[in-house]
>>> print(open('protein-v1.cif').read())   # mmCIF, C-alpha atoms and all ligand atoms
data_run
loop_
_atom_site.label_atom_id
_atom_site.label_comp_id
_atom_site.auth_asym_id
_atom_site.auth_seq_id
_atom_site.Cartn_x
_atom_site.Cartn_y
_atom_site.Cartn_z
CA MET A 1 70.20 -55.53 -77.55
CA VAL A 2 67.09 -53.86 -76.17
CA LEU A 3 63.97 -55.84 -75.52
CA HIS A 4 60.89 -54.19 -76.97
CA LYS A 5 58.23 -53.23 -74.46
CA SER A 6 55.57 -55.70 -75.59
CA ALA A 7 55.12 -58.34 -78.23
CA SER A 8 53.13 -57.08 -81.18
CA GLN A 9 49.81 -58.65 -82.03
CA ASN A 10 49.66 -61.38 -84.60
CA SER A 11 50.46 -59.76 -87.93
CA ALA A 12 51.06 -60.84 -91.51
CA SER A 13 54.81 -60.73 -90.89
CA HIS A 14 54.55 -62.75 -87.64
CA PRO A 15 51.58 -65.11 -88.05
CA PHE A 16 52.60 -68.04 -85.81
CA SER A 17 51.79 -67.90 -82.11
CA LEU A 18 54.53 -69.28 -79.86
CA GLN A 19 52.59 -68.96 -76.60
CA SER A 20 51.48 -72.59 -76.48
CA LEU A 21 54.83 -73.83 -77.84
CA SER A 22 56.83 -72.76 -74.78
CA THR A 23 55.85 -73.86 -71.27
CA PHE A 24 56.63 -70.32 -70.02
CA ALA A 25 53.80 -69.16 -72.33
CA LEU A 26 54.78 -65.56 -73.02
CA PRO A 27 52.70 -63.94 -75.77
CA ALA A 28 54.99 -63.94 -78.82
CA PHE A 29 54.73 -64.70 -82.52
CA ALA A 30 57.16 -66.07 -85.09
CA HIS A 31 57.69 -64.99 -88.65
CA ASN A 32 57.80 -68.59 -89.90
CA LEU A 33 57.29 -72.11 -88.51
CA LEU A 34 58.25 -75.44 -90.06
CA HIS A 35 56.73 -78.50 -88.42
CA LEU A 36 58.59 -81.61 -89.56
CA GLN A 37 57.30 -85.17 -89.21
CA GLN A 38 60.12 -87.01 -90.99
CA ALA A 39 63.86 -86.51 -90.63
CA GLU A 40 64.12 -86.69 -94.44
CA GLN A 41 62.21 -83.39 -94.64
CA LEU A 42 65.33 -81.69 -93.30
CA THR A 43 67.02 -82.24 -96.66
CA GLU A 44 64.24 -80.22 -98.34
CA ILE A 45 65.01 -77.08 -96.35
CA ASP A 46 67.17 -74.52 -98.12
CA PHE A 47 69.24 -73.54 -95.09
CA GLY A 48 71.39 -71.25 -97.26
CA HIS A 49 68.42 -68.91 -97.75
CA LEU A 50 66.44 -69.62 -94.58
CA GLY A 51 68.08 -66.91 -92.49
CA GLU A 52 67.85 -67.01 -88.71
CA PHE A 53 66.23 -70.19 -87.32
CA TYR A 54 65.61 -71.82 -83.95
CA ILE A 55 65.03 -75.52 -83.29
CA LEU A 56 62.20 -76.03 -80.83
CA GLY A 57 61.42 -79.30 -79.07
CA GLY A 58 58.83 -79.45 -76.29
CA GLY A 59 59.44 -75.78 -75.40
CA SER A 60 60.24 -76.57 -71.77
CA ASN A 61 63.63 -74.84 -71.77
CA SER A 62 63.11 -72.04 -74.32
CA ILE A 63 61.53 -68.67 -73.58
CA PHE A 64 60.42 -66.36 -76.40
CA LEU A 65 60.79 -62.92 -74.89
CA GLU A 66 59.23 -61.09 -77.83
CA ASP A 67 58.22 -61.70 -81.44
CA TYR A 68 60.79 -63.79 -83.27
CA ALA A 69 61.84 -62.61 -86.72
CA GLY A 70 63.21 -65.96 -87.89
CA THR A 71 61.95 -69.48 -88.58
CA ILE A 72 61.01 -71.98 -85.89
CA ILE A 73 61.84 -75.55 -86.87
CA GLN A 74 59.89 -78.11 -84.88
CA PRO A 75 61.17 -81.67 -85.34
CA ASP A 76 58.26 -83.96 -84.47
CA PHE A 77 59.76 -87.26 -85.56
CA LYS A 78 58.19 -90.25 -83.82
CA GLY A 79 59.14 -93.85 -83.13
CA ILE A 80 60.89 -96.06 -80.59
CA SER A 81 62.73 -99.23 -81.59
CA ILE A 82 64.22 -101.75 -79.19
CA SER A 83 66.84 -104.40 -79.65
CA GLU A 84 67.81 -106.89 -76.98
CA GLN A 85 71.50 -107.44 -76.27
CA ALA A 86 72.97 -110.03 -73.92
CA LYS A 87 73.40 -107.57 -71.07
CA SER A 88 71.32 -104.57 -72.03
CA TRP A 89 68.36 -103.14 -73.89
CA GLN A 90 69.30 -100.91 -76.79
CA LEU A 91 66.73 -98.28 -77.68
CA HIS A 92 66.55 -95.85 -80.58
CA ILE A 93 64.15 -92.98 -79.93
CA ALA A 94 63.10 -90.37 -82.47
CA ALA A 95 63.65 -86.74 -81.43
CA GLY A 96 59.96 -85.80 -81.18
CA GLU A 97 59.03 -88.44 -78.58
CA ASN A 98 58.08 -87.04 -75.18
CA TRP A 99 60.75 -87.76 -72.54
CA HIS A 100 58.46 -88.63 -69.62
CA ARG A 101 56.36 -90.93 -71.81
CA LEU A 102 59.60 -92.73 -72.73
CA VAL A 103 60.44 -93.17 -69.03
CA CYS A 104 56.96 -94.67 -68.42
CA PHE A 105 57.18 -96.87 -71.53
CA CYS A 106 60.53 -98.32 -70.39
CA LEU A 107 59.22 -99.02 -66.91
CA GLU A 108 56.03 -100.65 -68.20
CA ASN A 109 58.10 -102.88 -70.48
CA ASN A 110 60.53 -104.01 -67.77
CA MET A 111 63.46 -101.95 -69.01
CA PRO A 112 64.19 -99.89 -65.89
CA GLY A 113 66.97 -97.35 -65.42
CA LEU A 114 65.42 -93.99 -66.27
CA GLU A 115 63.19 -93.63 -63.16
CA ASN A 116 65.22 -90.77 -61.61
CA LEU A 117 64.58 -88.77 -64.77
CA ALA A 118 60.77 -89.12 -64.49
CA LEU A 119 58.57 -86.09 -65.12
CA ILE A 120 61.27 -84.02 -66.81
CA PRO A 121 59.29 -82.08 -69.40
CA GLY A 122 60.33 -81.84 -73.04
CA ASN A 123 61.24 -84.06 -75.96
CA CYS A 124 63.90 -86.74 -76.32
CA GLY A 125 65.74 -84.78 -79.02
CA ALA A 126 66.33 -81.93 -76.57
CA ALA A 127 67.56 -84.25 -73.81
CA PRO A 128 71.23 -84.42 -74.94
CA ILE A 129 71.54 -80.67 -75.55
CA GLN A 130 71.63 -79.76 -71.89
CA ASN A 131 72.27 -83.34 -70.75
CA ILE A 132 69.07 -83.45 -68.68
CA GLY A 133 69.63 -84.60 -65.14
CA ALA A 134 67.81 -85.06 -61.86
CA TYR A 135 68.14 -86.96 -58.58
CA GLY A 136 71.71 -88.12 -59.17
CA VAL A 137 71.27 -89.35 -62.77
CA GLU A 138 71.98 -87.66 -66.11
CA LEU A 139 71.10 -88.61 -69.65
CA ALA A 140 74.84 -89.18 -70.21
CA ASN A 141 74.65 -92.22 -67.89
CA PHE A 142 72.49 -94.06 -70.45
CA CYS A 143 73.16 -92.31 -73.74
CA ASP A 144 74.85 -94.52 -76.32
CA TYR A 145 74.73 -92.12 -79.28
CA VAL A 146 73.01 -89.07 -80.76
CA ASP A 147 71.92 -88.90 -84.39
CA TRP A 148 72.42 -85.40 -85.74
CA PHE A 149 71.58 -83.87 -89.13
CA GLU A 150 74.54 -81.79 -90.22
CA ILE A 151 73.36 -78.75 -92.17
CA ALA A 152 76.66 -78.27 -94.03
CA THR A 153 76.60 -81.76 -95.57
CA GLY A 154 72.88 -82.55 -95.49
CA LYS A 155 73.73 -85.90 -93.86
CA ILE A 156 72.74 -87.55 -90.58
CA LYS A 157 75.83 -88.33 -88.50
CA ARG A 158 76.01 -90.59 -85.47
CA LEU A 159 77.90 -89.10 -82.51
CA HIS A 160 78.88 -91.61 -79.90
CA ARG A 161 78.54 -90.69 -76.26
CA SER A 162 82.23 -89.92 -75.90
CA ASP A 163 81.94 -87.37 -78.75
CA CYS A 164 79.02 -85.52 -77.18
CA GLY A 165 81.02 -83.52 -74.61
CA PHE A 166 78.53 -84.18 -71.85
CA GLY A 167 78.91 -82.19 -68.65
CA TYR A 168 76.61 -80.65 -66.03
CA ARG A 169 73.76 -79.19 -68.11
CA ASP A 170 76.16 -79.11 -71.05
CA SER A 171 77.12 -80.84 -74.30
CA ILE A 172 78.80 -80.23 -77.64
CA PHE A 173 75.35 -79.26 -79.00
CA LYS A 174 75.47 -76.11 -76.85
CA GLY A 175 79.08 -75.48 -77.85
CA ALA A 176 80.99 -76.34 -81.03
CA LEU A 177 77.94 -77.77 -82.84
CA LYS A 178 75.47 -75.06 -81.85
CA GLY A 179 73.40 -73.90 -84.82
CA LYS A 180 75.13 -76.37 -87.13
CA GLY A 181 72.58 -79.17 -87.13
CA ILE A 182 69.49 -80.80 -85.70
CA ILE A 183 69.20 -83.85 -83.48
CA THR A 184 67.01 -86.46 -85.17
CA GLY A 185 67.15 -89.28 -82.62
CA ILE A 186 68.99 -90.70 -79.63
CA GLY A 187 70.25 -94.15 -78.68
CA LEU A 188 70.09 -95.37 -75.10
CA LEU A 189 71.62 -98.44 -73.46
CA LEU A 190 69.74 -99.72 -70.41
CA PRO A 191 71.66 -102.47 -68.56
CA LYS A 192 69.50 -105.50 -67.71
CA GLN A 193 71.27 -105.61 -64.35
CA TRP A 194 69.27 -102.79 -62.77
CA GLN A 195 71.00 -100.71 -60.12
CA PRO A 196 68.96 -98.03 -58.41
CA ASN A 197 70.62 -94.66 -57.90
CA LEU A 198 69.55 -93.66 -54.40
CA SER A 199 72.21 -91.03 -53.82
CA TYR A 200 69.78 -88.12 -53.53
CA PRO A 201 68.04 -87.03 -50.31
CA GLY A 202 64.48 -88.38 -50.43
CA LEU A 203 65.60 -91.52 -52.29
CA ARG A 204 68.32 -92.53 -49.79
CA GLU A 205 65.65 -93.59 -47.32
CA LEU A 206 64.23 -96.24 -49.70
CA ASP A 207 65.06 -99.78 -48.63
CA ASN A 208 65.67 -102.23 -51.47
CA PRO A 209 63.09 -100.52 -53.71
CA THR A 210 61.62 -101.70 -57.00
CA PRO A 211 62.04 -99.47 -60.09
CA GLN A 212 58.37 -98.53 -59.72
CA GLN A 213 58.97 -97.35 -56.14
CA VAL A 214 61.91 -95.19 -57.24
CA PHE A 215 59.77 -93.76 -60.04
CA ASP A 216 56.85 -93.04 -57.66
CA THR A 217 59.17 -91.34 -55.16
CA VAL A 218 60.80 -89.13 -57.80
CA VAL A 219 57.36 -88.16 -59.13
CA ALA A 220 56.18 -87.34 -55.59
CA ILE A 221 59.29 -85.22 -54.82
CA ARG A 222 59.00 -83.29 -58.08
CA GLN A 223 55.28 -82.72 -57.63
CA SER A 224 55.82 -81.42 -54.10
CA LYS A 225 58.45 -78.85 -55.18
CA LEU A 226 58.08 -78.00 -58.83
CA PRO A 227 55.03 -76.25 -60.29
CA ASP A 228 53.23 -78.04 -63.12
CA PRO A 229 53.64 -75.81 -66.22
CA ASP A 230 50.02 -76.55 -67.13
CA ASP A 231 48.92 -74.80 -63.91
CA ILE A 232 51.65 -72.16 -63.54
CA PRO A 233 53.73 -71.60 -66.69
CA ASN A 234 57.46 -72.15 -66.02
CA VAL A 235 60.53 -73.80 -67.53
CA GLY A 236 61.88 -75.56 -64.44
CA SER A 237 65.19 -74.29 -63.09
CA PHE A 238 65.80 -70.83 -64.50
CA PHE A 239 69.47 -70.73 -63.43
CA LYS A 240 72.20 -73.36 -63.36
CA ASN A 241 73.65 -74.41 -60.05
CA PRO A 242 76.93 -72.45 -59.91
CA VAL A 243 80.20 -74.34 -59.63
CA VAL A 244 82.83 -72.45 -57.61
CA GLU A 245 86.44 -72.90 -56.55
CA GLN A 246 87.21 -74.42 -53.12
CA SER A 247 88.54 -71.06 -51.90
CA THR A 248 85.28 -69.26 -52.78
CA PHE A 249 83.29 -72.05 -51.14
CA SER A 250 85.33 -71.94 -47.93
CA GLY A 251 84.60 -68.22 -47.59
CA ILE A 252 80.84 -68.70 -48.01
CA LYS A 253 80.77 -71.79 -45.78
CA ALA A 254 82.44 -69.85 -42.94
CA ALA A 255 79.57 -67.36 -42.99
CA TYR A 256 76.81 -69.87 -43.82
CA PRO A 257 77.73 -73.27 -42.33
CA ALA A 258 74.44 -74.89 -43.47
CA ILE A 259 75.04 -74.23 -47.17
CA PRO A 260 74.29 -77.32 -49.33
CA ALA A 261 77.34 -78.18 -51.43
CA PHE A 262 78.33 -80.97 -53.80
CA GLU A 263 81.98 -81.68 -54.55
CA GLN A 264 82.68 -82.24 -58.25
CA THR A 265 85.19 -84.68 -59.72
CA ASP A 266 87.53 -81.76 -60.51
CA GLY A 267 87.55 -80.67 -56.85
CA ARG A 268 85.34 -77.63 -57.43
CA ILE A 269 82.09 -77.23 -55.52
CA LYS A 270 78.56 -77.08 -56.93
CA LEU A 271 76.26 -74.82 -54.91
CA ALA A 272 72.45 -74.95 -54.91
CA ALA A 273 71.25 -71.82 -56.71
CA GLY A 274 67.78 -72.35 -55.20
CA TRP A 275 69.25 -72.19 -51.70
CA LEU A 276 71.26 -69.03 -52.50
CA ILE A 277 68.15 -67.31 -53.91
CA ASP A 278 66.06 -68.50 -50.97
CA GLN A 279 68.62 -67.09 -48.49
CA CYS A 280 68.16 -63.69 -50.16
CA GLY A 281 64.51 -63.87 -49.11
CA LEU A 282 63.32 -63.83 -52.70
CA LYS A 283 60.72 -66.64 -52.65
CA GLY A 284 57.41 -65.18 -53.85
CA THR A 285 59.04 -61.93 -55.11
CA LYS A 286 57.07 -60.50 -58.05
CA ILE A 287 57.77 -58.07 -60.84
CA GLY A 288 54.69 -57.50 -62.99
CA GLY A 289 53.44 -60.97 -63.91
CA ALA A 290 56.72 -62.77 -63.13
CA ALA A 291 57.37 -64.37 -59.74
CA VAL A 292 59.98 -66.45 -57.93
CA HIS A 293 58.19 -69.69 -57.08
CA HIS A 294 57.17 -69.89 -53.41
CA ARG A 295 58.33 -73.53 -52.94
CA GLN A 296 61.43 -73.73 -55.17
CA ALA A 297 63.31 -70.45 -55.55
CA LEU A 298 65.21 -71.68 -58.62
CA VAL A 299 62.01 -71.65 -60.65
CA LEU A 300 60.71 -68.38 -62.09
CA THR A 301 57.05 -68.45 -63.05
CA ASN A 302 54.55 -66.62 -65.23
CA ILE A 303 51.79 -65.98 -62.72
CA ASP A 304 49.72 -63.36 -64.47
CA GLN A 305 50.19 -62.22 -68.06
CA CYS A 306 53.92 -61.91 -67.61
CA SER A 307 55.83 -60.03 -70.32
CA GLY A 308 59.40 -60.58 -71.46
CA VAL A 309 60.35 -57.31 -69.76
CA ASP A 310 58.88 -58.49 -66.40
CA LEU A 311 60.79 -61.74 -66.60
CA ILE A 312 64.11 -60.15 -67.52
CA SER A 313 63.73 -57.60 -64.69
CA LEU A 314 63.04 -60.37 -62.17
CA ALA A 315 65.92 -62.55 -63.40
CA LYS A 316 68.31 -59.59 -63.14
CA LEU A 317 67.08 -58.75 -59.65
CA VAL A 318 67.72 -62.35 -58.55
CA GLN A 319 71.20 -62.29 -60.08
CA ALA A 320 72.01 -58.96 -58.41
CA LYS A 321 70.80 -60.01 -54.94
CA VAL A 322 72.77 -63.28 -55.03
CA LYS A 323 75.87 -61.48 -56.28
CA ASP A 324 75.49 -58.91 -53.53
CA LYS A 325 75.08 -61.42 -50.70
CA PHE A 326 77.35 -64.28 -51.80
CA ALA A 327 79.56 -62.79 -54.57
CA VAL A 328 78.44 -65.67 -56.79
CA ASP A 329 77.31 -65.24 -60.42
CA LEU A 330 74.16 -67.06 -61.50
CA GLU A 331 73.94 -68.03 -65.15
CA PRO A 332 70.61 -68.87 -66.81
CA GLU A 333 69.99 -72.53 -67.54
CA VAL A 334 67.09 -71.68 -69.85
CA ARG A 335 67.51 -70.45 -73.42
CA LEU A 336 66.31 -66.89 -73.99
CA ILE A 337 65.14 -65.95 -77.49
CA ALA A 338 64.69 -62.34 -78.54
CA ALA A 339 63.61 -60.93 -81.93
CA CYS A 340 66.83 -61.82 -83.72
CA GLY A 341 67.56 -65.12 -82.01
CA GLU A 342 69.02 -66.63 -78.88
CA THR A 343 70.63 -64.12 -76.58
CA LYS A 344 72.15 -63.76 -73.12
CA LEU A 345 70.61 -62.14 -70.08
CA GLU A 346 73.39 -59.54 -69.94
CA ASN A 347 72.46 -58.36 -73.44
CA LEU A 348 68.87 -57.64 -72.42
CA GLY A 349 67.05 -54.90 -70.58
N1 LIG A 401 66.82 -75.24 -51.70
C1 LIG A 401 66.41 -74.27 -50.83
N2 LIG A 401 65.43 -73.41 -51.23
C2 LIG A 401 64.86 -73.47 -52.46
C3 LIG A 401 65.29 -74.47 -53.36
C4 LIG A 401 66.29 -75.34 -52.97
O1 LIG A 401 66.89 -74.17 -49.70
O2 LIG A 401 63.98 -72.65 -52.75
C5 LIG A 401 67.85 -76.20 -51.27
C6 LIG A 401 67.25 -77.60 -51.06
O3 LIG A 401 66.72 -77.75 -49.79
C7 LIG A 401 68.45 -78.49 -51.30
C8 LIG A 401 69.23 -77.73 -52.38
O4 LIG A 401 68.80 -76.37 -52.30
O5 LIG A 401 69.24 -78.57 -50.17
C9 LIG A 401 69.01 -78.30 -53.76
O6 LIG A 401 67.63 -78.20 -54.09
P1 LIG A 401 66.86 -79.32 -54.97
O7 LIG A 401 67.15 -80.67 -54.43
O8 LIG A 401 65.44 -78.91 -55.07
O9 LIG A 401 67.56 -79.29 -56.38
P2 LIG A 401 68.13 -78.09 -57.25
O10 LIG A 401 69.61 -78.11 -57.17
O11 LIG A 401 67.43 -76.82 -56.92
C10 LIG A 401 68.49 -79.50 -59.40
C11 LIG A 401 68.13 -79.40 -60.86
C12 LIG A 401 66.66 -79.78 -61.05
C13 LIG A 401 66.48 -81.21 -60.56
C14 LIG A 401 66.88 -81.28 -59.09
C15 LIG A 401 66.88 -82.70 -58.57
C16 LIG A 401 69.57 -77.72 -61.81
C17 LIG A 401 69.69 -76.32 -62.33
N3 LIG A 401 68.38 -78.06 -61.35
O12 LIG A 401 67.70 -78.52 -58.73
O13 LIG A 401 66.39 -79.74 -62.45
O14 LIG A 401 65.14 -81.63 -60.72
O15 LIG A 401 68.24 -80.81 -58.93
O16 LIG A 401 67.96 -83.40 -59.08
O17 LIG A 401 70.55 -78.46 -61.84
C18 LIG A 401 65.54 -78.40 -64.21
O18 LIG A 401 66.65 -78.54 -64.76
O19 LIG A 401 64.64 -77.71 -64.73
C19 LIG A 401 65.32 -79.01 -62.92
C20 LIG A 401 64.17 -78.85 -62.26
#
>>> encode(input="protein-v1.cif", output="structure tokens", more="lines below")
Ligand code: EPU
Amino acid sequence: MVLHKSASQNSASHPFSLQSLSTFALPAFAHNLLHLQQAEQLTEIDFGHLGEFYILGGGSNSIFLEDYAGTIIQPDFKGISISEQAKSWQLHIAAGENWHRLVCFCLENNMPGLENLALIPGNCGAAPIQNIGAYGVELANFCDYVDWFEIATGKIKRLHRSDCGFGYRDSIFKGALKGKGIITGIGLLLPKQWQPNLSYPGLRELDNPTPQQVFDTVVAIRQSKLPDPDDIPNVGSFFKNPVVEQSTFSGIKAAYPAIPAFEQTDGRIKLAAGWLIDQCGLKGTKIGGAAVHHRQALVLTNIDQCSGVDLISLAKLVQAKVKDKFAVDLEPEVRLIAACGETKLENLG
């Protein structure tokens, strides 16, 4: 697939601007957009004749590289309900609720647990798809269930946590169920017995902290490293942290003893993609309007009227340099959408 040189101007065939609907803010338009406020509206859509579609939440992990020929479906369902159990708080959150606002709401209402996941952009409905995670905690730690509208049957099904296939930045919604339905809400269980997760550098130093202190520290760390998309458009980590075999790791470690590494439960080793990119001297590297962020090399940014072509060229340069120096493949964490739908970096350019 070849990416067209530049997105066309708004036209009758592509009347809906996507620029403000993705935090990377590339200029692109969609052929059709359906904004839904009630989950029941999903049953009114004729999926059989809709053609290509893409479900868009807060747009903080989706990049529209050029005009999109299909239909954008934006679930904007709202509502949070809480029920108190003996040992936990049970929450049901509609897919269109903002994740960070949920974290704040829980803290303000003495239902702590989500502090490490503060300031992650995007909506709650998107959270299970890539199993959002930060500072030693993942959504999977608190997720009880995911409600999911199945297109084939027109029914909302409840998938319990164990059915969601959660892994590092992964779930069944990126795999077997991809394109087959739409998340309408999530259920979380927050134990009343709060236990801070202080496993991450920067939090380890906290001594007997309150939930508010953990929250404040996470917010401060994120703000010191990660650019605010409102100031510099970005979608957070562009690549996943690669997980390699012990033998590969040993080879790299021998040459680079300071390499940060995190052993996984299966014995493999997760490397820090940001560190690998940084070691290639790529911080601040620019192609057209796209740049590697100067404080966190894992974040690619739109610094000045970036185009899809600029971004793809920069992402490929980063991949090539890391492969050259460390023989490690970086895989995008973000979702890339071209004219005909979601695609892979290797299919572009
Ligand atoms: N590092 C560098 N240079 C850089 C960036 C990182 O040397 O430019 C080093 C750091 O010093 C550290 C290691 O790499 O030793 C890891 O860096 P960091 O703690 O910043 O976390 P990360 O692995 O780069 C991941 C998530 C982030 C999440 C943080 C904190 C992924 C792909 N990214 O980043 O998630 O906030 O951990 O838990 O797993 C996101 O998904 O958009 C995101 C921001």
>>> residues_around(input="protein-v1.cif", residues="Met111 (chain A)", least_positions_apart="6", cutoff="8 Å", atoms="all atoms listed in the file", output="list of chain:residue names")
A:Trp89, A:Leu190, A:Lys192
>>> residues_near_ligand(input="protein-v1.cif", ligand="ligand LIG 401 (chain A)", cutoff="6 Å", atoms="only C-alpha atoms and all ligand atoms", output="ChimeraX atom specification")
/A:134-135,236-237,239-241,260,272,274-275,278,295-298
>>> closest_atom_pairs(input="protein-v1.cif", of="region 129-163 of chain A", to="region 43-47 of chain A", cutoff="10 Å", atoms="all atoms listed in the file", output="JSON lines")
{"residue": "A:Phe149", "atom": "CA", "partner": "A:Thr43", "partner_atom": "CA", "distance": 9.0}
{"residue": "A:Glu150", "atom": "CA", "partner": "A:Thr43", "partner_atom": "CA", "distance": 9.9}
{"residue": "A:Ile151", "atom": "CA", "partner": "A:Phe47", "partner_atom": "CA", "distance": 7.3}
{"residue": "A:Ala152", "atom": "CA", "partner": "A:Phe47", "partner_atom": "CA", "distance": 8.9}
{"residue": "A:Thr153", "atom": "CA", "partner": "A:Thr43", "partner_atom": "CA", "distance": 9.7}
{"residue": "A:Gly154", "atom": "CA", "partner": "A:Thr43", "partner_atom": "CA", "distance": 6.0}
{"residue": "A:Lys155", "atom": "CA", "partner": "A:Thr43", "partner_atom": "CA", "distance": 8.1}
{"residue": "A:Ile156", "atom": "CA", "partner": "A:Thr43", "partner_atom": "CA", "distance": 9.9}
>>> write_last_selection(input="protein-v1.cif", atoms="C-alpha atoms", output="PDB file, in the coordinates of the input")
ATOM      1  CA  PHE A 149      71.580 -83.870 -89.130  1.00  0.00           C
ATOM      2  CA  GLU A 150      74.540 -81.790 -90.220  1.00  0.00           C
ATOM      3  CA  ILE A 151      73.360 -78.750 -92.170  1.00  0.00           C
ATOM      4  CA  ALA A 152      76.660 -78.270 -94.030  1.00  0.00           C
ATOM      5  CA  THR A 153      76.600 -81.760 -95.570  1.00  0.00           C
ATOM      6  CA  GLY A 154      72.880 -82.550 -95.490  1.00  0.00           C
ATOM      7  CA  LYS A 155      73.730 -85.900 -93.860  1.00  0.00           C
ATOM      8  CA  ILE A 156      72.740 -87.550 -90.580  1.00  0.00           C
TER       9      ILE A 156
END
>>> closest_residue(input="protein-v1.cif", among="A:Gly175, A:Pro332, A:Gly349, A:Gly341", to="Thr71 (chain A)", atoms="all atoms listed in the file")
A:Gly341
>>> closest_residue(input="protein-v1.cif", among="A:Asp67, A:Glu263, A:Asp144, A:Glu342", to="Phe249 (chain A)", atoms="all atoms listed in the file")
A:Glu263
>>> atom_distance(input="protein-v1.cif", atom1="CA of Trp194 (chain A)", atom2="CA of Asp163 (chain A)")
25.6 Å
>>> residues_near_point(input="protein-v1.cif", point="(74.4, -65.5, -54.1)", cutoff="10 Å", atoms="only C-alpha atoms", output="ChimeraX atom specification")
/A:242,252,271-280,318-330
>>> closest_residue(input="protein-v1.cif", among="A:His92, A:His100, A:His35, A:His294", to="Gly79 (chain A)", atoms="only C-alpha atoms")
A:His92
>>> closest_residue(input="protein-v1.cif", among="A:Ala255, A:Ile269, A:Leu42, A:Cys340", to="Ala30 (chain A)", atoms="all atoms listed in the file")
A:Cys340
>>> residues_near_point(input="protein-v1.cif", point="(67.0, -78.8, -87.2)", cutoff="7 Å", atoms="all atoms listed in the file", output="JSON, numbers by chain")
{"A": [42, 55, 73, 75, 181, 182, 183]}
>>> atom_distance(input="protein-v1.cif", atom1="CA of Asp266 (chain A)", atom2="CA of Pro191 (chain A)")
27.3 Å
>>> closest_residue(input="protein-v1.cif", among="A:Gln90, A:Thr184, A:Asn109, A:Thr217", to="Pro128 (chain A)", atoms="only C-alpha atoms")
A:Thr184
>>> closest_residue(input="protein-v1.cif", among="A:Gly187, A:Gly202, A:Leu65, A:Glu138", to="Arg222 (chain A)", atoms="all atoms listed in the file")
A:Gly202
>>> closest_atom_pairs(input="protein-v1.cif", of="region 5-110 of chain A", to="region 334-337 of chain A", cutoff="10 Å", atoms="only C-alpha atoms", output="tab-separated table")
residue	atom	partner	partner_atom	distance
A:Tyr54	CA	A:Ile337	CA	8.7
A:Gly59	CA	A:Arg335	CA	9.9
A:Ser60	CA	A:Val334	CA	8.6
A:Asn61	CA	A:Val334	CA	5.1
A:Ser62	CA	A:Arg335	CA	4.8
A:Ile63	CA	A:Leu336	CA	5.1
A:Phe64	CA	A:Ile337	CA	4.9
A:Leu65	CA	A:Ile337	CA	5.9
A:Glu66	CA	A:Ile337	CA	7.7
A:Asp67	CA	A:Ile337	CA	9.0
A:Tyr68	CA	A:Ile337	CA	7.5
>>> write_last_selection(input="protein-v1.cif", atoms="C-alpha atoms", output="CSV table (one decimal), in the coordinates of the input")
chain,number,residue,atom,x,y,z
A,54,TYR,CA,65.6,-71.8,-84.0
A,59,GLY,CA,59.4,-75.8,-75.4
A,60,SER,CA,60.2,-76.6,-71.8
A,61,ASN,CA,63.6,-74.8,-71.8
A,62,SER,CA,63.1,-72.0,-74.3
A,63,ILE,CA,61.5,-68.7,-73.6
A,64,PHE,CA,60.4,-66.4,-76.4
A,65,LEU,CA,60.8,-62.9,-74.9
A,66,GLU,CA,59.2,-61.1,-77.8
A,67,ASP,CA,58.2,-61.7,-81.4
A,68,TYR,CA,60.8,-63.8,-83.3
>>> atom_distance(input="protein-v1.cif", atom1="CA of Leu33 (chain A)", atom2="CA of Arg101 (chain A)")
25.2 Å
>>> axis_aligned_box(input="protein-v1.cif", around="region 171-181 of chain A", padding_each_side="5 Å", output="AutoDock Vina command-line options")
--center_x 76.8 --center_y -77.4 --center_z -80.7 --size_x 18.4 --size_y 16.9 --size_z 22.8
>>> residues_around(input="protein-v1.cif", residues="Thr265 (chain A)", least_positions_apart="2", cutoff="12 Å", atoms="all atoms listed in the file", output="number ranges by chain")
A: 167-168, 243, 262-263, 267-270
>>> closest_atom_pairs(input="protein-v1.cif", of="region 228-252 of chain A", to="region 22-26 of chain A", cutoff="9 Å", atoms="only C-alpha atoms", output="Markdown table")
| residue | atom | partner | partner_atom | distance |
| --- | --- | --- | --- | --- |
| A:Pro229 | CA | A:Thr23 | CA | 5.8 |
| A:Asp230 | CA | A:Thr23 | CA | 7.6 |
| A:Ile232 | CA | A:Phe24 | CA | 8.4 |
| A:Pro233 | CA | A:Phe24 | CA | 4.6 |
| A:Asn234 | CA | A:Phe24 | CA | 4.5 |
| A:Val235 | CA | A:Phe24 | CA | 5.8 |
>>> residues_around(input="protein-v1.cif", residues="Phe16 (chain A)", least_positions_apart="4", cutoff="9 Å", atoms="all atoms listed in the file", output="PyMOL selection string")
chain A and resi 10-11+28-33
>>> decode(input="protein-v1.cif", residues="region 296-310 of chain A", atoms="C-alpha atoms", output="short mmCIF file (atom, residue, chain, number, x, y, z; two decimals), in the first residue's frame")
data_model
loop_
_atom_site.label_atom_id
_atom_site.label_comp_id
_atom_site.auth_asym_id
_atom_site.auth_seq_id
_atom_site.Cartn_x
_atom_site.Cartn_y
_atom_site.Cartn_z
CA GLN A 296 11.37 10.78 25.75
CA ALA A 297 12.66 9.11 22.59
CA LEU A 298 9.74 6.66 22.46
CA VAL A 299 7.37 9.50 21.63
CA LEU A 300 7.15 10.80 18.06
CA THR A 301 5.63 14.26 17.75
CA ASN A 302 3.96 16.51 15.21
CA ILE A 303 6.00 19.66 15.65
CA ASP A 304 5.10 21.63 12.56
CA GLN A 305 2.41 20.69 10.06
CA CYS A 306 3.58 17.11 9.94
CA SER A 307 2.23 14.94 7.12
CA GLY A 308 1.60 11.21 7.13
CA VAL A 309 4.60 10.78 4.84
CA ASP A 310 6.90 12.67 7.28
#
